[in-house]
Every structure is written in C-alpha cells, then in structure tokens.
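What follows is entry_34.pdb (PDB, C-alpha atoms).
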ATOM      1  CA  MET A   1     -12.652 -12.625  38.149
ATOM      2  CA  GLN A   2     -16.268 -13.711  38.491
ATOM      3  CA  LYS A   3     -17.209 -15.591  41.633
ATOM      4  CA  ILE A   4     -19.374 -18.156  39.796
ATOM      5  CA  ILE A   5     -18.405 -19.428  36.336
ATOM      6  CA  PRO A   6     -20.493 -21.926  34.363
ATOM      7  CA  MET A   7     -18.487 -24.967  33.264
ATOM      8  CA  LEU A   8     -19.712 -26.820  30.191
ATOM      9  CA  TRP A   9     -18.724 -30.493  29.931
ATOM     10  CA  PHE A  10     -17.885 -31.731  26.414
ATOM     11  CA  ASP A  11     -16.613 -34.993  24.990
ATOM     12  CA  GLY A  12     -13.648 -33.844  22.922
ATOM     13  CA  THR A  13     -15.248 -30.734  21.392
ATOM     14  CA  ALA A  14     -14.528 -28.113  24.071
ATOM     15  CA  GLN A  15     -12.213 -26.043  21.851
ATOM     16  CA  GLU A  16     -14.571 -26.230  18.862
ATOM     17  CA  ALA A  17     -17.532 -25.242  21.020
ATOM     18  CA  ALA A  18     -15.717 -22.302  22.641
ATOM     19  CA  ASP A  19     -14.565 -21.091  19.206
ATOM     20  CA  PHE A  20     -18.154 -21.361  17.946
ATOM     21  CA  TYR A  21     -19.677 -19.424  20.864
ATOM     22  CA  VAL A  22     -17.063 -16.680  20.568
ATOM     23  CA  SER A  23     -17.976 -16.360  16.877
ATOM     24  CA  VAL A  24     -21.706 -16.003  17.684
ATOM     25  CA  PHE A  25     -21.470 -13.285  20.353
ATOM     26  CA  LYS A  26     -19.945  -9.908  19.397
ATOM     27  CA  ASP A  27     -18.333  -8.965  22.715
ATOM     28  CA  SER A  28     -16.390 -12.191  23.255
ATOM     29  CA  LYS A  29     -12.876 -13.467  23.687
ATOM     30  CA  MET A  30     -10.887 -16.642  24.022
ATOM     31  CA  LYS A  31      -8.369 -17.243  26.764
ATOM     32  CA  PRO A  32      -5.459 -19.701  26.679
ATOM     33  CA  ALA A  33      -6.498 -23.348  26.922
ATOM     34  CA  SER A  34      -4.820 -25.847  29.224
ATOM     35  CA  ARG A  35      -3.960 -29.387  28.157
ATOM     36  CA  TYR A  36      -3.964 -32.740  29.850
ATOM     37  CA  ASP A  37      -0.557 -33.759  31.132
ATOM     38  CA  LYS A  38       0.338 -37.438  31.420
ATOM     39  CA  ALA A  39      -0.925 -37.871  34.995
ATOM     40  CA  SER A  40      -4.242 -36.027  34.541
ATOM     41  CA  ALA A  41      -4.851 -37.763  31.194
ATOM     42  CA  GLU A  42      -4.540 -41.174  32.841
ATOM     43  CA  VAL A  43      -7.016 -40.262  35.580
ATOM     44  CA  ALA A  44      -9.506 -38.736  33.120
ATOM     45  CA  GLY A  45      -9.125 -41.366  30.423
ATOM     46  CA  ARG A  46      -7.934 -38.740  27.930
ATOM     47  CA  ASN A  47      -4.737 -38.364  25.912
ATOM     48  CA  ALA A  48      -1.754 -36.354  27.149
ATOM     49  CA  GLY A  49      -1.549 -33.120  25.162
ATOM     50  CA  GLU A  50      -5.289 -33.046  24.423
ATOM     51  CA  VAL A  51      -7.142 -29.817  25.244
ATOM     52  CA  MET A  52      -8.532 -30.105  28.761
ATOM     53  CA  LEU A  53      -9.989 -26.731  29.730
ATOM     54  CA  VAL A  54     -10.899 -23.765  27.522
ATOM     55  CA  PRO A  55     -11.732 -20.493  29.259
ATOM     56  CA  PHE A  56     -13.725 -17.994  27.205
ATOM     57  CA  GLU A  57     -15.928 -14.964  27.711
ATOM     58  CA  LEU A  58     -19.286 -14.060  26.120
ATOM     59  CA  GLU A  59     -20.716 -10.574  26.647
ATOM     60  CA  GLY A  60     -18.660 -10.164  29.816
ATOM     61  CA  GLN A  61     -19.724 -13.568  31.223
ATOM     62  CA  GLU A  62     -16.887 -16.017  31.850
ATOM     63  CA  PHE A  63     -17.289 -19.693  30.906
ATOM     64  CA  LEU A  64     -15.146 -22.811  31.030
ATOM     65  CA  ALA A  65     -15.371 -25.617  28.476
ATOM     66  CA  LEU A  66     -14.017 -28.952  29.693
ATOM     67  CA  ASN A  67     -13.204 -32.023  27.622
ATOM     68  CA  GLY A  68     -14.406 -34.384  30.315
ATOM     69  CA  GLY A  69     -15.772 -37.352  28.380
ATOM     70  CA  PRO A  70     -19.104 -38.859  27.360
ATOM     71  CA  MET A  71     -20.543 -39.615  30.804
ATOM     72  CA  PHE A  72     -22.396 -36.306  31.330
ATOM     73  CA  PRO A  73     -24.291 -35.141  28.219
ATOM     74  CA  PHE A  74     -26.207 -31.865  28.146
ATOM     75  CA  THR A  75     -29.922 -31.767  28.982
ATOM     76  CA  GLU A  76     -32.528 -29.027  29.030
ATOM     77  CA  ALA A  77     -32.250 -28.988  32.836
ATOM     78  CA  VAL A  78     -29.563 -26.309  32.419
ATOM     79  CA  SER A  79     -29.842 -23.674  29.729
ATOM     80  CA  PHE A  80     -28.856 -20.118  28.884
ATOM     81  CA  VAL A  81     -31.230 -17.238  28.108
ATOM     82  CA  ILE A  82     -30.226 -14.595  25.572
ATOM     83  CA  TYR A  83     -32.185 -11.352  25.922
ATOM     84  CA  VAL A  84     -32.472  -9.384  22.686
ATOM     85  CA  ASP A  85     -33.751  -5.919  21.832
ATOM     86  CA  ASP A  86     -35.384  -6.564  18.447
ATOM     87  CA  GLN A  87     -36.357  -9.206  15.898
ATOM     88  CA  GLU A  88     -33.182  -8.775  13.858
ATOM     89  CA  GLU A  89     -30.998  -9.568  16.862
ATOM     90  CA  LEU A  90     -33.262 -12.486  17.813
ATOM     91  CA  ASP A  91     -33.057 -13.924  14.284
ATOM     92  CA  THR A  92     -29.273 -13.537  14.189
ATOM     93  CA  PHE A  93     -28.773 -15.578  17.373
ATOM     94  CA  TRP A  94     -31.466 -18.090  16.412
ATOM     95  CA  ASN A  95     -29.967 -18.720  12.978
ATOM     96  CA  ALA A  96     -26.401 -19.035  14.292
ATOM     97  CA  LEU A  97     -27.276 -21.360  17.162
ATOM     98  CA  THR A  98     -29.566 -23.666  15.141
ATOM     99  CA  ALA A  99     -27.134 -23.933  12.209
ATOM    100  CA  ASP A 100     -25.198 -27.103  11.390
ATOM    101  CA  GLY A 101     -27.258 -29.543  13.428
ATOM    102  CA  GLY A 102     -28.943 -27.349  16.027
ATOM    103  CA  GLU A 103     -32.571 -28.104  16.858
ATOM    104  CA  GLU A 104     -35.520 -25.774  17.265
ATOM    105  CA  SER A 105     -37.889 -26.300  20.172
ATOM    106  CA  MET A 106     -40.906 -24.405  21.487
ATOM    107  CA  CYS A 107     -41.275 -20.891  22.952
ATOM    108  CA  GLY A 108     -37.910 -19.607  21.758
ATOM    109  CA  TRP A 109     -35.928 -22.618  23.017
ATOM    110  CA  LEU A 110     -33.318 -24.403  20.948
ATOM    111  CA  LYS A 111     -30.371 -26.756  21.242
ATOM    112  CA  ASP A 112     -27.161 -25.846  19.454
ATOM    113  CA  LYS A 113     -25.067 -28.378  17.536
ATOM    114  CA  PHE A 114     -23.281 -29.351  20.771
ATOM    115  CA  GLY A 115     -26.530 -30.064  22.621
ATOM    116  CA  VAL A 116     -26.451 -26.931  24.806
ATOM    117  CA  SER A 117     -29.925 -25.432  25.366
ATOM    118  CA  TRP A 118     -30.636 -21.732  24.854
ATOM    119  CA  GLN A 119     -33.723 -19.525  24.861
ATOM    120  CA  VAL A 120     -33.590 -16.471  22.609
ATOM    121  CA  THR A 121     -36.209 -14.053  23.851
ATOM    122  CA  PRO A 122     -37.062 -10.356  23.818
ATOM    123  CA  ARG A 123     -35.771  -8.396  26.788
ATOM    124  CA  ASN A 124     -39.338  -7.254  27.573
ATOM    125  CA  ILE A 125     -40.883 -10.766  27.544
ATOM    126  CA  GLY A 126     -41.986 -10.436  31.178
ATOM    127  CA  ASP A 127     -43.852  -7.215  30.452
ATOM    128  CA  LEU A 128     -45.513  -8.687  27.357
ATOM    129  CA  LEU A 129     -46.714 -11.820  29.153
ATOM    130  CA  SER A 130     -47.869 -10.087  32.336
ATOM    131  CA  ASP A 131     -49.729  -7.196  30.698
ATOM    132  CA  PRO A 132     -53.186  -7.151  32.359
ATOM    133  CA  GLU A 133     -54.991  -6.630  29.047
ATOM    134  CA  ARG A 134     -52.952  -8.701  26.586
ATOM    135  CA  GLY A 135     -50.839 -11.053  28.683
ATOM    136  CA  GLU A 136     -53.083 -14.078  28.296
ATOM    137  CA  ARG A 137     -53.255 -13.643  24.512
ATOM    138  CA  ALA A 138     -49.487 -13.067  24.320
ATOM    139  CA  THR A 139     -48.873 -16.249  26.324
ATOM    140  CA  ALA A 140     -51.203 -18.209  24.034
ATOM    141  CA  ALA A 141     -49.348 -16.842  20.994
ATOM    142  CA  LEU A 142     -45.954 -17.699  22.532
ATOM    143  CA  LEU A 143     -47.030 -21.282  23.157
ATOM    144  CA  GLN A 144     -47.579 -21.716  19.404
ATOM    145  CA  MET A 145     -44.119 -20.429  18.422
ATOM    146  CA  ARG A 146     -40.753 -22.002  17.950
ATOM    147  CA  ARG A 147     -38.695 -18.911  17.037
ATOM    148  CA  ILE A 148     -40.323 -15.988  18.810
ATOM    149  CA  ASP A 149     -42.032 -13.395  16.619
ATOM    150  CA  ILE A 150     -41.863 -10.213  18.686
ATOM    151  CA  ASP A 151     -44.520  -8.345  16.666
ATOM    152  CA  LYS A 152     -47.009 -11.197  17.093
ATOM    153  CA  LEU A 153     -46.478 -11.076  20.849
ATOM    154  CA  LYS A 154     -46.903  -7.300  20.928
ATOM    155  CA  ASN A 155     -50.053  -7.467  18.772
ATOM    156  CA  ALA A 156     -51.696 -10.389  20.576
TER
END
Represent the structure contained in this file as structure tokens.
Amino acid sequence: MQKIIPMLWFDGTAQEAADFYVSVFKDSKMKPASRYDKASAEVAGRNAGEVMLVPFELEGQEFLALNGGPMFPFTEAVSFVIYVDDQEELDTFWNALTADGGEESMCGWLKDKFGVSWQVTPRNIGDLLSDPERGERATAALLQMRRIDIDKLKNA
C-alpha cells in the first residue's frame, strides 16, 4: 500500500468519476467501494446505503474518491500532471478528459467534467523549455497554446 494516497472529494459522483478515470487510463483498476451506514450517513448528511468511498488505481497510483458533499469543490490549486511520450498519447488523454463538459485552459491545462484539473504535457517539457538556444522561444510558443503541440515546441 502507498504511504500517501490522494483523496478526491465529490458531491455524489464519486463512483461515476472513478469509473470514468479507470476508463481513461490503460493500466487501471477499481477496488470495492464502501457505503454509508446509518450512523455515518447521519453525521455526513448522506443517505444510508449510498456509496461513500471508492478506491481505484491509475497507472499504479492509488486514489480514493469520497462522496463528501458540496462544501469543498475542486479548484486549480490541486491538479494532476500526465506525462506523455508523443502527440498521439497527448491527444488521447486531452480528448478523453475534455469530453462531455470538460474545459480547456492554457499551456496544456484542462478541467475534466467533474472539475478536476489536469495538465497533459510531454515527458521532456523541462528539457524543451530550458534548452539554452530554444527555451525562450519554446516557452513563448507554449504560452500561446491550449492543447500542447509537441512539434511546435520542438521547432520553436
């Protein structure tokens, strides 16, 4: 078991979100969900029998999705970075995570349909942006992009 596991707080969509993320990432799996019992439902303001906690794994990283309520919505203050090896992989993640209500942002950032923020970026982004000869031009190109175009960064 991992020592630190990110917990994502949802308002009734924890199971749907976990199912969605497992469908987006190839090396993923669901684990058995737990449900609110009568006592915990009363304390949390939920219904007994409702899904409470959904453990799942993406690319070897464990996560927990909690149906905790509306009081703590997602913000960009916490996000997840997906490193990719090529444009095809970048486009696959970008398209899946922006589908059905997701929102594009700048520099490879997006919010998925649940409001969780992600950045889909090439694995070598640090090398591209810090290159002594082309780094400044690559950074300027990146600042104009929503979905990252890897060739444009390489050719800047």
Draw an axis-aligned box over all listed atoms of segment 33-39 of chain A, pad each side with 5 Å, and write its centre and edge lengths in Å, one decimal, as JSON.
{"center_x": -3.1, "center_y": -30.6, "center_z": 31.0, "size_x": 16.8, "size_y": 24.5, "size_z": 18.1}
Check your understanding: If you apply the PyMOL selection byres ((chain A and resi 34) around 9) to this file, what residues do you get, as a list in words?
Key ->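 Answer for the PyMOL selection byres ((chain A and resi 34) around 9): Pro32, Ala33, Arg35, Tyr36, Gly49, Glu50, Val51, Met52, Leu53, Val54 and Pro55 of chain A.
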Exercise for review: Please identify all polymer residues within 7 Å of Lys29 of chain A, counting only C-alpha atoms, omitting same-chain residues fewer than 2 positions from it, and present them as a ChimeraX atom specification.
Suggested key: /A:22,31,56-58
Review point. Hey, what comes out of the PyMOL selection byres ((chain A and resi 107) around 9) on this file? Could you write it as number ranges by chain?
Key: A: 105-106, 108-110, 119-121, 142-148
Convert the current residue selection to file output with C-alpha atoms, as an mmCIF file, in the frame of the given file.
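And here's selection_9.cif as it stands now:
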data_model
loop_
_atom_site.group_PDB
_atom_site.id
_atom_site.type_symbol
_atom_site.label_atom_id
_atom_site.label_comp_id
_atom_site.auth_asym_id
_atom_site.auth_seq_id
_atom_site.Cartn_x
_atom_site.Cartn_y
_atom_site.Cartn_z
ATOM 1 C CA SER A 105 -37.889 -26.300 20.172
ATOM 2 C CA MET A 106 -40.906 -24.405 21.487
ATOM 3 C CA GLY A 108 -37.910 -19.607 21.758
ATOM 4 C CA TRP A 109 -35.928 -22.618 23.017
ATOM 5 C CA LEU A 110 -33.318 -24.403 20.948
ATOM 6 C CA GLN A 119 -33.723 -19.525 24.861
ATOM 7 C CA VAL A 120 -33.590 -16.471 22.609
ATOM 8 C CA THR A 121 -36.209 -14.053 23.851
ATOM 9 C CA LEU A 142 -45.954 -17.699 22.532
ATOM 10 C CA LEU A 143 -47.030 -21.282 23.157
ATOM 11 C CA GLN A 144 -47.579 -21.716 19.404
ATOM 12 C CA MET A 145 -44.119 -20.429 18.422
ATOM 13 C CA ARG A 146 -40.753 -22.002 17.950
ATOM 14 C CA ARG A 147 -38.695 -18.911 17.037
ATOM 15 C CA ILE A 148 -40.323 -15.988 18.810
#
Practice item. Pick out the closest residue to Tyr21 of chain A from this set: A:Leu66, A:Ile5, A:Val78, A:Val116. Count only C-alpha atoms. Key: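 Counting only C-alpha atoms, the residue closest to Tyr21 of chain A is A:Val116.
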